[in-house]
Amino acid sequence: MKKKILLFILFISIFITGCDKKESLVCKNETSDTGSKTSLTLEIRFINGKITSVSEDGLVKFDSTYKKYIKSYKESLDSMYDDEDLNYTSSTNNDEVNFKVTNKDKKIEKMLDKLNIKDKEKNKIRKELEERGYSCK
């Protein structure tokens, strides 16, 4: 009898803890402008349909004639993401600026605001980003 009760408790505990539905939405966008090429990757993670984290990785590569703008571009990014609710890093290397920004702890709203994402539902976010030129998986 004790074995049956223990098996039942084990089964229930596995069922309860294994029910979280984890998903992610990864969207990429590449654009070219006069003097630069930008590659962005957004990753939005969900558990049970609720956003748990948002991150953006970016690489901006400048043409040789526009290398003089790298410093000011990086400074512009640094000021845009200078927020205590975000984890932000950036670096320059010859003709490119690399950056990564993620939300801290549960500060999802700040990241969504910075990325100008209005919705919180996966399919609506996908549609919104695809309308902006991203390709999403």
# chains A, B, ... in the order shown; residues from 1 in each chain; ligands from 1
>>> select_by_dssp(residues="chain A", states="helix (DSSP H, G or I)", output="PyMOL selection string")
chain A and resi 2-17+64-80+108-114+122-131
>>> residues_around(residues="Phe46 (chain A)", least_positions_apart="3", cutoff="6 Å", atoms="only C-alpha atoms", output="PyMOL selection string")
chain A and resi 22-24+49-52
>>> write_last_selection(atoms="N, CA and C atoms", output="PDB file, in the first residue's frame")
ATOM      1  N   LYS A  22       7.367  26.016 -22.140  1.00  0.00           N
ATOM      2  CA  LYS A  22       8.415  26.981 -22.446  1.00  0.00           C
ATOM      3  C   LYS A  22       8.520  27.140 -23.955  1.00  0.00           C
ATOM      4  N   GLU A  23       8.524  28.400 -24.390  1.00  0.00           N
ATOM      5  CA  GLU A  23       8.631  28.711 -25.812  1.00  0.00           C
ATOM      6  C   GLU A  23       9.571  29.891 -25.978  1.00  0.00           C
ATOM      7  N   SER A  24      10.042  30.069 -27.190  1.00  0.00           N
ATOM      8  CA  SER A  24      10.806  31.279 -27.489  1.00  0.00           C
ATOM      9  C   SER A  24      10.490  31.729 -28.903  1.00  0.00           C
ATOM     10  N   GLY A  49       2.920  31.126 -21.859  1.00  0.00           N
ATOM     11  CA  GLY A  49       2.380  32.264 -22.585  1.00  0.00           C
ATOM     12  C   GLY A  49       2.765  33.625 -22.043  1.00  0.00           C
ATOM     13  N   LYS A  50       3.509  33.669 -20.949  1.00  0.00           N
ATOM     14  CA  LYS A  50       3.910  34.939 -20.347  1.00  0.00           C
ATOM     15  C   LYS A  50       5.388  35.203 -20.655  1.00  0.00           C
ATOM     16  N   ILE A  51       5.701  36.428 -21.041  1.00  0.00           N
ATOM     17  CA  ILE A  51       7.077  36.789 -21.375  1.00  0.00           C
ATOM     18  C   ILE A  51       7.937  36.739 -20.108  1.00  0.00           C
ATOM     19  N   THR A  52       9.065  36.028 -20.202  1.00  0.00           N
ATOM     20  CA  THR A  52       9.979  35.918 -19.058  1.00  0.00           C
ATOM     21  C   THR A  52      11.297  36.648 -19.298  1.00  0.00           C
TER      22      THR A  52
END
>>> select_by_dssp(residues="chain A", states="strand (DSSP E)", output="number ranges by chain")
A: 22-33, 36-47, 50-62, 86-93, 96-103, 135-136
>>> write_last_selection(atoms="C-alpha atoms", output="CSV table (one decimal), in the first residue's frame")
chain,number,residue,atom,x,y,z
A,22,LYS,CA,8.4,27.0,-22.4
A,23,GLU,CA,8.6,28.7,-25.8
A,24,SER,CA,10.8,31.3,-27.5
A,25,LEU,CA,10.5,33.6,-30.4
A,26,VAL,CA,13.7,34.5,-32.3
A,27,CYS,CA,13.4,37.2,-34.9
A,28,LYS,CA,16.2,38.5,-37.2
A,29,ASN,CA,16.5,41.6,-39.3
A,30,GLU,CA,19.2,42.8,-41.6
A,31,THR,CA,19.2,46.3,-43.1
A,32,SER,CA,21.6,48.3,-45.2
A,33,ASP,CA,21.8,52.1,-45.1
A,36,SER,CA,26.4,50.8,-42.7
A,37,LYS,CA,24.8,47.4,-42.5
A,38,THR,CA,22.9,46.4,-39.4
A,39,SER,CA,22.1,42.9,-38.1
A,40,LEU,CA,19.7,42.5,-35.2
A,41,THR,CA,18.5,39.4,-33.4
A,42,LEU,CA,15.6,39.6,-30.9
A,43,GLU,CA,14.9,36.7,-28.6
A,44,ILE,CA,11.7,36.6,-26.5
A,45,ARG,CA,11.2,33.8,-24.1
A,46,PHE,CA,7.8,32.7,-22.7
A,47,ILE,CA,6.6,30.3,-20.0
A,50,LYS,CA,3.9,34.9,-20.3
A,51,ILE,CA,7.1,36.8,-21.4
A,52,THR,CA,10.0,35.9,-19.1
A,53,SER,CA,12.9,37.6,-20.9
A,54,VAL,CA,13.7,39.8,-23.8
A,55,SER,CA,17.1,40.2,-25.4
A,56,GLU,CA,18.5,42.0,-28.4
A,57,ASP,CA,21.9,41.4,-30.1
A,58,GLY,CA,23.1,43.8,-32.6
A,59,LEU,CA,26.0,44.3,-35.0
A,60,VAL,CA,26.5,47.5,-37.0
A,61,LYS,CA,29.2,47.3,-39.6
A,62,PHE,CA,30.4,50.6,-41.2
A,86,LEU,CA,18.6,46.8,-18.4
A,87,ASN,CA,21.7,44.7,-18.8
A,88,TYR,CA,23.7,46.4,-21.6
A,89,THR,CA,27.1,45.9,-23.1
A,90,SER,CA,28.7,47.3,-26.2
A,91,SER,CA,32.0,47.3,-27.9
A,92,THR,CA,33.7,48.6,-31.0
A,93,ASN,CA,36.1,46.7,-33.2
A,96,GLU,CA,31.8,47.6,-36.3
A,97,VAL,CA,29.8,48.2,-33.1
A,98,ASN,CA,28.5,45.1,-31.2
A,99,PHE,CA,25.9,45.4,-28.5
A,100,LYS,CA,23.7,43.2,-26.4
A,101,VAL,CA,20.8,44.3,-24.2
A,102,THR,CA,18.5,42.2,-21.9
A,103,ASN,CA,16.0,42.9,-19.2
A,135,SER,CA,11.9,37.0,-40.0
A,136,CYS,CA,10.8,35.0,-37.0
>>> closest_residue(among="A:Lys67, A:Lys104, A:Asn94, A:Lys110", to="Met80 (chain A)", atoms="only C-alpha atoms")
A:Lys110
>>> atom_distance(atom1="CA of Asn48 (chain A)", atom2="CA of Asn116 (chain A)")
22.8 Å
